[in-house]
$ cat work-v3.cif   # mmCIF, C-alpha atoms and all ligand atoms
data_protein
loop_
_atom_site.label_atom_id
_atom_site.label_comp_id
_atom_site.auth_asym_id
_atom_site.auth_seq_id
_atom_site.Cartn_x
_atom_site.Cartn_y
_atom_site.Cartn_z
CA MET F 457 0.00 0.00 0.00
CA GLN F 458 1.29 3.36 -0.91
CA THR F 459 0.75 6.55 1.02
CA SER F 460 0.60 9.89 -0.53
CA ILE F 461 3.07 12.57 0.46
CA GLU F 462 0.34 14.56 2.19
CA GLN F 463 -0.50 11.56 4.48
CA SER F 464 3.10 10.86 5.50
CA GLU F 465 4.25 11.67 9.09
CA ARG F 466 7.12 13.68 7.75
CA PHE F 467 4.85 16.07 6.02
CA LYS F 468 2.42 16.81 8.85
CA PRO F 469 1.61 20.47 8.93
CA PRO F 470 3.44 22.35 11.73
CA VAL F 471 1.61 23.18 14.98
CA THR F 472 -0.40 26.24 14.41
CA ARG F 473 0.14 29.33 16.48
CA ARG F 474 -3.31 28.92 17.98
CA ASP F 475 -2.61 25.32 19.04
CA PHE F 476 0.76 26.31 20.50
CA LEU F 477 -0.77 29.08 22.61
CA GLY F 478 -3.54 26.74 23.75
CA LEU F 479 -1.04 24.09 24.86
CA ALA F 480 1.15 26.68 26.60
CA ALA F 481 -1.85 28.03 28.51
CA THR F 482 -2.96 24.55 29.53
CA TRP F 483 0.49 23.52 30.79
CA SER F 484 1.00 26.82 32.58
CA THR F 485 -2.28 26.30 34.41
CA ILE F 486 -1.34 22.74 35.38
CA VAL F 487 2.11 23.77 36.66
CA ALA F 488 0.65 26.70 38.63
CA PHE F 489 -1.97 24.42 40.21
CA VAL F 490 0.61 21.78 41.19
CA MET F 491 2.93 24.43 42.70
CA ALA F 492 0.02 25.92 44.65
CA MET F 493 -0.88 22.48 46.00
CA LEU F 494 2.73 21.82 47.04
CA GLY F 495 2.85 25.21 48.72
CA SER F 496 -0.40 24.53 50.58
CA LEU F 497 1.15 21.40 52.14
CA ARG F 498 3.42 23.71 54.15
CA LEU F 499 0.53 25.76 55.57
CA PRO F 500 -0.14 23.61 58.66
CA MET F 501 3.48 24.06 59.79
CA PRO F 502 4.23 27.45 61.37
CA SER F 503 7.40 29.05 60.06
CA VAL F 504 7.92 30.90 63.34
CA PHE F 505 7.51 29.22 66.70
CA PRO F 506 6.55 31.55 69.54
CA GLU F 507 8.93 31.60 72.47
CA SER F 508 7.58 31.68 75.92
CA SER F 509 7.57 35.13 77.42
CA PRO F 510 10.40 36.00 79.80
CA LYS F 511 7.80 37.50 82.12
CA VAL F 512 6.29 34.98 84.49
CA LYS F 513 3.15 35.47 86.53
CA LEU F 514 3.91 34.09 89.95
CA GLY F 515 0.62 34.75 91.70
CA ARG F 516 -0.76 37.27 94.13
CA PRO F 517 1.53 38.40 96.96
CA GLU F 518 -0.90 37.24 99.64
CA GLN F 519 -0.57 33.66 98.33
CA PHE F 520 2.94 33.47 99.74
CA ALA F 521 3.31 33.30 103.50
CA ASN F 522 6.04 35.21 105.30
CA GLY F 523 9.12 33.01 105.39
CA SER F 524 7.94 30.88 102.47
CA THR F 525 10.09 29.53 99.66
CA THR F 526 8.39 28.53 96.41
CA TYR F 527 9.96 26.85 93.42
CA PHE F 528 8.68 27.35 89.85
CA PRO F 529 10.22 24.37 88.05
CA MET F 530 9.11 25.39 84.56
CA ARG F 531 11.05 28.65 84.92
CA HIS F 532 13.83 27.37 87.17
CA LEU F 533 13.05 30.11 89.64
CA TRP F 534 12.95 30.30 93.40
CA LEU F 535 10.69 32.87 95.02
CA PHE F 536 11.37 33.87 98.61
CA ARG F 537 9.23 35.93 100.91
CA ASN F 538 10.43 37.36 104.18
CA GLU F 539 9.37 40.23 106.43
CA LYS F 540 11.02 42.77 104.07
CA GLY F 541 9.37 41.55 100.87
CA PHE F 542 10.07 39.29 97.92
CA HIS F 543 13.10 38.25 95.96
CA ALA F 544 13.64 35.65 93.25
CA ILE F 545 16.75 33.67 92.41
CA SER F 546 17.31 31.64 89.28
CA SER F 547 18.29 28.03 89.87
CA VAL F 548 20.37 27.95 86.66
CA CYS F 549 24.03 27.44 87.43
CA THR F 550 26.24 30.23 86.11
CA HIS F 551 28.94 27.78 85.08
CA LEU F 552 27.36 25.86 82.20
CA GLY F 553 23.65 26.15 82.86
CA CYS F 554 22.77 23.04 84.84
CA ILE F 555 19.90 23.30 87.28
CA THR F 556 21.06 23.60 90.86
CA GLU F 557 19.46 21.76 93.75
CA ARG F 558 18.57 23.47 96.99
CA ALA F 559 19.78 21.81 100.16
CA VAL F 560 17.94 21.74 103.45
CA ASP F 561 20.12 24.56 104.80
CA GLY F 562 19.11 26.77 101.86
CA ALA F 563 22.38 26.48 99.95
CA PHE F 564 22.38 25.62 96.26
CA ASN F 565 24.50 22.85 94.81
CA CYS F 566 25.13 22.09 91.17
CA PRO F 567 25.16 18.39 90.33
CA CYS F 568 27.17 18.85 87.13
CA HIS F 569 30.59 20.09 88.18
CA GLY F 570 30.19 20.70 91.86
CA SER F 571 29.63 24.44 92.14
CA SER F 572 28.01 25.50 95.35
CA PHE F 573 26.23 28.68 96.33
CA ASP F 574 25.00 30.01 99.64
CA ALA F 575 21.33 30.76 100.36
CA ASN F 576 21.69 34.16 98.66
CA GLY F 577 23.24 32.64 95.55
CA ARG F 578 26.84 33.73 96.25
CA VAL F 579 29.48 31.31 95.01
CA THR F 580 31.00 29.25 97.81
CA GLY F 581 32.86 26.72 95.72
CA GLY F 582 33.41 25.14 92.34
CA PRO F 583 33.93 26.48 88.85
CA ALA F 584 30.92 28.84 88.69
CA PRO F 585 32.26 32.29 87.71
CA LYS F 586 29.55 34.27 89.51
CA GLY F 587 26.63 33.89 91.83
CA LEU F 588 23.14 32.77 90.93
CA VAL F 589 21.09 35.42 89.15
CA TRP F 590 18.63 37.49 91.11
CA VAL F 591 15.65 38.12 88.84
CA GLU F 592 13.67 41.36 88.64
CA LEU F 593 10.28 41.25 90.33
CA SER F 594 7.44 43.68 89.85
CA VAL F 595 3.75 44.00 90.57
CA SER F 596 1.38 44.01 87.61
CA PRO F 597 -1.55 46.45 87.37
CA ASP F 598 -3.87 43.70 88.58
CA GLY F 599 -1.74 43.23 91.70
CA GLY F 600 0.02 40.00 90.72
CA LEU F 601 3.71 39.32 91.14
CA ILE F 602 5.69 39.23 87.89
CA ALA F 603 9.23 37.94 87.42
CA ASP F 604 11.17 39.00 84.34
CA THR F 605 13.62 36.16 83.81
CA LEU F 606 15.71 38.22 81.38
CA LYS F 607 16.33 41.06 83.81
CA GLU F 608 18.95 40.59 86.45
CA VAL F 609 18.98 42.76 89.57
CA THR F 610 21.69 43.26 92.15
CA ALA F 611 21.78 40.54 94.76
CA GLY F 612 19.90 41.78 97.80
CA THR F 613 17.23 43.66 95.84
CA ILE F 614 13.92 43.18 97.62
CA LEU F 615 10.48 43.97 96.24
CA ASP F 616 8.26 45.39 98.94
CA ALA F 617 4.81 44.15 97.98
S1 LIG F 701 27.11 23.65 85.34
FE1 LIG F 701 27.09 23.92 87.43
S2 LIG F 701 29.09 23.53 88.04
FE2 LIG F 701 29.14 23.27 85.93
#
$ encode --input "work-v3.cif" --output "structure tokens" --more "lines below"
Ligand code: FES
Amino acid sequence: MQTSIEQSERFKPPVTRRDFLGLAATWSTIVAFVMAMLGSLRLPMPSVFPESSPKVKLGRPEQFANGSTTYFPMRHLWLFRNEKGFHAISSVCTHLGCITERAVDGAFNCPCHGSSFDANGRVTGGPAPKGLVWVELSVSPDGGLIADTLKEVTAGTILDA
């Protein structure tokens, strides 16, 4: 069987401009849709994770009895109340950041490398370069005690509340 020149594959007419533009539009739409779907897979994952605030609500002053010592384990913070007022000391060791333990006599001891601190956080032994951090306390407008764990105050600073 013989085929004419017009029926041969080699002599197919070229793609018309209209067909080319139609194919380009179709493929552009498909690619855009696929990219949008891939992008939407990322939506459930936040790109920025919120950090917890450095300010910690500790409670109302009347919750803490005179002479009380309260530990806030999530913030590694000790809150003390005496007849003069409140003060807060971080339990994070100033050597390499381990969490200190408080002994019965009120001293702090670090289990990692043996630093020790007295009841006011002053270094009494070990590699710690400085005493435990005293954290700034304040009273919020609603009367609650607030500790700002990023603000250090001079050891001995008492909040009269
Ligand atoms: S981290 Fe506390 S002594 Fe090293």
$ residues_near_ligand --input "work-v3.cif" --ligand "ligand LIG 701 (chain F)" --cutoff "9 Å" --atoms "only C-alpha atoms and all ligand atoms" --output "number ranges by chain"
F: 548-556, 565-572, 582-584
$ atom_distance --input "work-v3.cif" --atom1 "CA of Asn576 (chain F)" --atom2 "CA of Asp598 (chain F)"
29.1 Å
$ atom_distance --input "work-v3.cif" --atom1 "CA of Ala480 (chain F)" --atom2 "CA of Arg498 (chain F)"
27.8 Å
$ closest_residue --input "work-v3.cif" --among "F:Ser594, F:Ser484, F:Asn538, F:Thr525" --to "Arg558 (chain F)" --atoms "only C-alpha atoms"
F:Thr525
$ atom_distance --input "work-v3.cif" --atom1 "CA of Pro506 (chain F)" --atom2 "CA of Thr605 (chain F)"
16.6 Å
$ closest_residue --input "work-v3.cif" --among "F:Ser508, F:Asn522, F:Ser547, F:Thr482" --to "Ala617 (chain F)" --atoms "all atoms listed in the file"
F:Asn522
$ residues_near_point --input "work-v3.cif" --point "(16.2, 35.5, 93.0)" --cutoff "7 Å" --atoms "only C-alpha atoms" --output "JSON, numbers by chain"
{"F": [534, 535, 543, 544, 545, 546, 589, 590, 591]}
$ write_last_selection --input "work-v3.cif" --atoms "C-alpha atoms" --output "PDB file, keeping the file's coordinate frame"
ATOM      1  CA  TRP F 534      12.950  30.300  93.400  1.00  0.00           C
ATOM      2  CA  LEU F 535      10.690  32.870  95.020  1.00  0.00           C
ATOM      3  CA  HIS F 543      13.100  38.250  95.960  1.00  0.00           C
ATOM      4  CA  ALA F 544      13.640  35.650  93.250  1.00  0.00           C
ATOM      5  CA  ILE F 545      16.750  33.670  92.410  1.00  0.00           C
ATOM      6  CA  SER F 546      17.310  31.640  89.280  1.00  0.00           C
ATOM      7  CA  VAL F 589      21.090  35.420  89.150  1.00  0.00           C
ATOM      8  CA  TRP F 590      18.630  37.490  91.110  1.00  0.00           C
ATOM      9  CA  VAL F 591      15.650  38.120  88.840  1.00  0.00           C
TER      10      VAL F 591
END
$ closest_residue --input "work-v3.cif" --among "F:Asp616, F:Gly577, F:Ala488, F:Ala603" --to "Phe528 (chain F)" --atoms "all atoms listed in the file"
F:Ala603
$ closest_residue --input "work-v3.cif" --among "F:Leu514, F:Leu499, F:Leu588, F:Ala563" --to "Tyr527 (chain F)" --atoms "all atoms listed in the file"
F:Leu514
$ decode --input "work-v3.cif" --residues "region 469-614 of chain F" --atoms "C-alpha atoms" --output "PDB file, in the first residue's frame"
ATOM      1  CA  PRO F 469       1.610  20.475   8.934  1.00  0.00           C
ATOM      2  CA  PRO F 470       3.443  22.346  11.727  1.00  0.00           C
ATOM      3  CA  VAL F 471       1.610  23.184  14.980  1.00  0.00           C
ATOM      4  CA  THR F 472      -0.402  26.243  14.406  1.00  0.00           C
ATOM      5  CA  ARG F 473       0.137  29.329  16.479  1.00  0.00           C
ATOM      6  CA  ARG F 474      -3.314  28.923  17.975  1.00  0.00           C
ATOM      7  CA  ASP F 475      -2.611  25.315  19.040  1.00  0.00           C
ATOM      8  CA  PHE F 476       0.762  26.307  20.495  1.00  0.00           C
ATOM      9  CA  LEU F 477      -0.771  29.080  22.608  1.00  0.00           C
ATOM     10  CA  GLY F 478      -3.541  26.742  23.753  1.00  0.00           C
ATOM     11  CA  LEU F 479      -1.036  24.088  24.860  1.00  0.00           C
ATOM     12  CA  ALA F 480       1.152  26.681  26.596  1.00  0.00           C
ATOM     13  CA  ALA F 481      -1.847  28.034  28.509  1.00  0.00           C
ATOM     14  CA  THR F 482      -2.961  24.552  29.534  1.00  0.00           C
ATOM     15  CA  TRP F 483       0.490  23.518  30.788  1.00  0.00           C
ATOM     16  CA  SER F 484       0.997  26.823  32.581  1.00  0.00           C
ATOM     17  CA  THR F 485      -2.282  26.300  34.414  1.00  0.00           C
ATOM     18  CA  ILE F 486      -1.345  22.736  35.380  1.00  0.00           C
ATOM     19  CA  VAL F 487       2.113  23.766  36.656  1.00  0.00           C
ATOM     20  CA  ALA F 488       0.650  26.695  38.631  1.00  0.00           C
ATOM     21  CA  PHE F 489      -1.968  24.416  40.205  1.00  0.00           C
ATOM     22  CA  VAL F 490       0.613  21.784  41.194  1.00  0.00           C
ATOM     23  CA  MET F 491       2.930  24.427  42.695  1.00  0.00           C
ATOM     24  CA  ALA F 492       0.024  25.919  44.647  1.00  0.00           C
ATOM     25  CA  MET F 493      -0.876  22.476  46.003  1.00  0.00           C
ATOM     26  CA  LEU F 494       2.733  21.823  47.041  1.00  0.00           C
ATOM     27  CA  GLY F 495       2.848  25.211  48.721  1.00  0.00           C
ATOM     28  CA  SER F 496      -0.396  24.532  50.584  1.00  0.00           C
ATOM     29  CA  LEU F 497       1.148  21.397  52.137  1.00  0.00           C
ATOM     30  CA  ARG F 498       3.415  23.715  54.155  1.00  0.00           C
ATOM     31  CA  LEU F 499       0.534  25.757  55.567  1.00  0.00           C
ATOM     32  CA  PRO F 500      -0.139  23.605  58.660  1.00  0.00           C
ATOM     33  CA  MET F 501       3.484  24.057  59.791  1.00  0.00           C
ATOM     34  CA  PRO F 502       4.229  27.454  61.366  1.00  0.00           C
ATOM     35  CA  SER F 503       7.395  29.051  60.064  1.00  0.00           C
ATOM     36  CA  VAL F 504       7.925  30.902  63.339  1.00  0.00           C
ATOM     37  CA  PHE F 505       7.513  29.225  66.702  1.00  0.00           C
ATOM     38  CA  PRO F 506       6.547  31.547  69.537  1.00  0.00           C
ATOM     39  CA  GLU F 507       8.926  31.603  72.471  1.00  0.00           C
ATOM     40  CA  SER F 508       7.580  31.676  75.918  1.00  0.00           C
ATOM     41  CA  SER F 509       7.573  35.130  77.419  1.00  0.00           C
ATOM     42  CA  PRO F 510      10.402  36.000  79.796  1.00  0.00           C
ATOM     43  CA  LYS F 511       7.802  37.504  82.124  1.00  0.00           C
ATOM     44  CA  VAL F 512       6.291  34.982  84.486  1.00  0.00           C
ATOM     45  CA  LYS F 513       3.146  35.473  86.526  1.00  0.00           C
ATOM     46  CA  LEU F 514       3.913  34.095  89.948  1.00  0.00           C
ATOM     47  CA  GLY F 515       0.624  34.751  91.703  1.00  0.00           C
ATOM     48  CA  ARG F 516      -0.761  37.265  94.133  1.00  0.00           C
ATOM     49  CA  PRO F 517       1.532  38.399  96.956  1.00  0.00           C
ATOM     50  CA  GLU F 518      -0.904  37.240  99.644  1.00  0.00           C
ATOM     51  CA  GLN F 519      -0.568  33.664  98.326  1.00  0.00           C
ATOM     52  CA  PHE F 520       2.942  33.472  99.741  1.00  0.00           C
ATOM     53  CA  ALA F 521       3.314  33.304 103.495  1.00  0.00           C
ATOM     54  CA  ASN F 522       6.039  35.214 105.296  1.00  0.00           C
ATOM     55  CA  GLY F 523       9.119  33.010 105.387  1.00  0.00           C
ATOM     56  CA  SER F 524       7.944  30.882 102.470  1.00  0.00           C
ATOM     57  CA  THR F 525      10.085  29.526  99.664  1.00  0.00           C
ATOM     58  CA  THR F 526       8.392  28.529  96.414  1.00  0.00           C
ATOM     59  CA  TYR F 527       9.957  26.848  93.415  1.00  0.00           C
ATOM     60  CA  PHE F 528       8.682  27.350  89.852  1.00  0.00           C
ATOM     61  CA  PRO F 529      10.222  24.375  88.046  1.00  0.00           C
ATOM     62  CA  MET F 530       9.108  25.385  84.556  1.00  0.00           C
ATOM     63  CA  ARG F 531      11.052  28.646  84.916  1.00  0.00           C
ATOM     64  CA  HIS F 532      13.825  27.375  87.175  1.00  0.00           C
ATOM     65  CA  LEU F 533      13.045  30.106  89.637  1.00  0.00           C
ATOM     66  CA  TRP F 534      12.946  30.303  93.405  1.00  0.00           C
ATOM     67  CA  LEU F 535      10.689  32.874  95.024  1.00  0.00           C
ATOM     68  CA  PHE F 536      11.371  33.875  98.609  1.00  0.00           C
ATOM     69  CA  ARG F 537       9.234  35.930 100.912  1.00  0.00           C
ATOM     70  CA  ASN F 538      10.426  37.358 104.182  1.00  0.00           C
ATOM     71  CA  GLU F 539       9.367  40.230 106.428  1.00  0.00           C
ATOM     72  CA  LYS F 540      11.017  42.770 104.065  1.00  0.00           C
ATOM     73  CA  GLY F 541       9.373  41.551 100.870  1.00  0.00           C
ATOM     74  CA  PHE F 542      10.069  39.291  97.916  1.00  0.00           C
ATOM     75  CA  HIS F 543      13.104  38.247  95.960  1.00  0.00           C
ATOM     76  CA  ALA F 544      13.635  35.649  93.252  1.00  0.00           C
ATOM     77  CA  ILE F 545      16.751  33.671  92.410  1.00  0.00           C
ATOM     78  CA  SER F 546      17.313  31.640  89.282  1.00  0.00           C
ATOM     79  CA  SER F 547      18.294  28.026  89.867  1.00  0.00           C
ATOM     80  CA  VAL F 548      20.365  27.945  86.662  1.00  0.00           C
ATOM     81  CA  CYS F 549      24.031  27.439  87.431  1.00  0.00           C
ATOM     82  CA  THR F 550      26.238  30.226  86.113  1.00  0.00           C
ATOM     83  CA  HIS F 551      28.938  27.779  85.077  1.00  0.00           C
ATOM     84  CA  LEU F 552      27.359  25.864  82.201  1.00  0.00           C
ATOM     85  CA  GLY F 553      23.650  26.154  82.859  1.00  0.00           C
ATOM     86  CA  CYS F 554      22.770  23.044  84.837  1.00  0.00           C
ATOM     87  CA  ILE F 555      19.900  23.305  87.279  1.00  0.00           C
ATOM     88  CA  THR F 556      21.059  23.599  90.863  1.00  0.00           C
ATOM     89  CA  GLU F 557      19.463  21.763  93.755  1.00  0.00           C
ATOM     90  CA  ARG F 558      18.567  23.470  96.987  1.00  0.00           C
ATOM     91  CA  ALA F 559      19.784  21.812 100.156  1.00  0.00           C
ATOM     92  CA  VAL F 560      17.935  21.740 103.450  1.00  0.00           C
ATOM     93  CA  ASP F 561      20.123  24.556 104.803  1.00  0.00           C
ATOM     94  CA  GLY F 562      19.107  26.772 101.856  1.00  0.00           C
ATOM     95  CA  ALA F 563      22.375  26.482  99.949  1.00  0.00           C
ATOM     96  CA  PHE F 564      22.377  25.618  96.262  1.00  0.00           C
ATOM     97  CA  ASN F 565      24.502  22.849  94.807  1.00  0.00           C
ATOM     98  CA  CYS F 566      25.125  22.093  91.174  1.00  0.00           C
ATOM     99  CA  PRO F 567      25.159  18.390  90.333  1.00  0.00           C
ATOM    100  CA  CYS F 568      27.167  18.849  87.133  1.00  0.00           C
ATOM    101  CA  HIS F 569      30.594  20.094  88.177  1.00  0.00           C
ATOM    102  CA  GLY F 570      30.194  20.702  91.862  1.00  0.00           C
ATOM    103  CA  SER F 571      29.629  24.442  92.142  1.00  0.00           C
ATOM    104  CA  SER F 572      28.010  25.504  95.353  1.00  0.00           C
ATOM    105  CA  PHE F 573      26.230  28.680  96.332  1.00  0.00           C
ATOM    106  CA  ASP F 574      24.997  30.010  99.642  1.00  0.00           C
ATOM    107  CA  ALA F 575      21.331  30.757 100.364  1.00  0.00           C
ATOM    108  CA  ASN F 576      21.688  34.163  98.662  1.00  0.00           C
ATOM    109  CA  GLY F 577      23.237  32.643  95.554  1.00  0.00           C
ATOM    110  CA  ARG F 578      26.844  33.733  96.251  1.00  0.00           C
ATOM    111  CA  VAL F 579      29.485  31.308  95.013  1.00  0.00           C
ATOM    112  CA  THR F 580      31.005  29.248  97.811  1.00  0.00           C
ATOM    113  CA  GLY F 581      32.861  26.719  95.717  1.00  0.00           C
ATOM    114  CA  GLY F 582      33.414  25.136  92.345  1.00  0.00           C
ATOM    115  CA  PRO F 583      33.927  26.485  88.850  1.00  0.00           C
ATOM    116  CA  ALA F 584      30.922  28.840  88.692  1.00  0.00           C
ATOM    117  CA  PRO F 585      32.261  32.292  87.708  1.00  0.00           C
ATOM    118  CA  LYS F 586      29.553  34.268  89.508  1.00  0.00           C
ATOM    119  CA  GLY F 587      26.631  33.887  91.827  1.00  0.00           C
ATOM    120  CA  LEU F 588      23.145  32.774  90.928  1.00  0.00           C
ATOM    121  CA  VAL F 589      21.093  35.421  89.153  1.00  0.00           C
ATOM    122  CA  TRP F 590      18.627  37.487  91.114  1.00  0.00           C
ATOM    123  CA  VAL F 591      15.650  38.124  88.837  1.00  0.00           C
ATOM    124  CA  GLU F 592      13.673  41.362  88.639  1.00  0.00           C
ATOM    125  CA  LEU F 593      10.281  41.247  90.335  1.00  0.00           C
ATOM    126  CA  SER F 594       7.438  43.685  89.855  1.00  0.00           C
ATOM    127  CA  VAL F 595       3.745  44.000  90.571  1.00  0.00           C
ATOM    128  CA  SER F 596       1.380  44.008  87.609  1.00  0.00           C
ATOM    129  CA  PRO F 597      -1.551  46.455  87.373  1.00  0.00           C
ATOM    130  CA  ASP F 598      -3.873  43.701  88.580  1.00  0.00           C
ATOM    131  CA  GLY F 599      -1.741  43.227  91.705  1.00  0.00           C
ATOM    132  CA  GLY F 600       0.022  39.999  90.722  1.00  0.00           C
ATOM    133  CA  LEU F 601       3.715  39.317  91.140  1.00  0.00           C
ATOM    134  CA  ILE F 602       5.694  39.229  87.894  1.00  0.00           C
ATOM    135  CA  ALA F 603       9.231  37.937  87.423  1.00  0.00           C
ATOM    136  CA  ASP F 604      11.172  38.997  84.343  1.00  0.00           C
ATOM    137  CA  THR F 605      13.616  36.161  83.815  1.00  0.00           C
ATOM    138  CA  LEU F 606      15.709  38.218  81.376  1.00  0.00           C
ATOM    139  CA  LYS F 607      16.330  41.059  83.806  1.00  0.00           C
ATOM    140  CA  GLU F 608      18.950  40.594  86.455  1.00  0.00           C
ATOM    141  CA  VAL F 609      18.982  42.759  89.566  1.00  0.00           C
ATOM    142  CA  THR F 610      21.686  43.261  92.151  1.00  0.00           C
ATOM    143  CA  ALA F 611      21.781  40.538  94.757  1.00  0.00           C
ATOM    144  CA  GLY F 612      19.905  41.777  97.798  1.00  0.00           C
ATOM    145  CA  THR F 613      17.233  43.663  95.839  1.00  0.00           C
ATOM    146  CA  ILE F 614      13.925  43.184  97.616  1.00  0.00           C
TER     147      ILE F 614
END
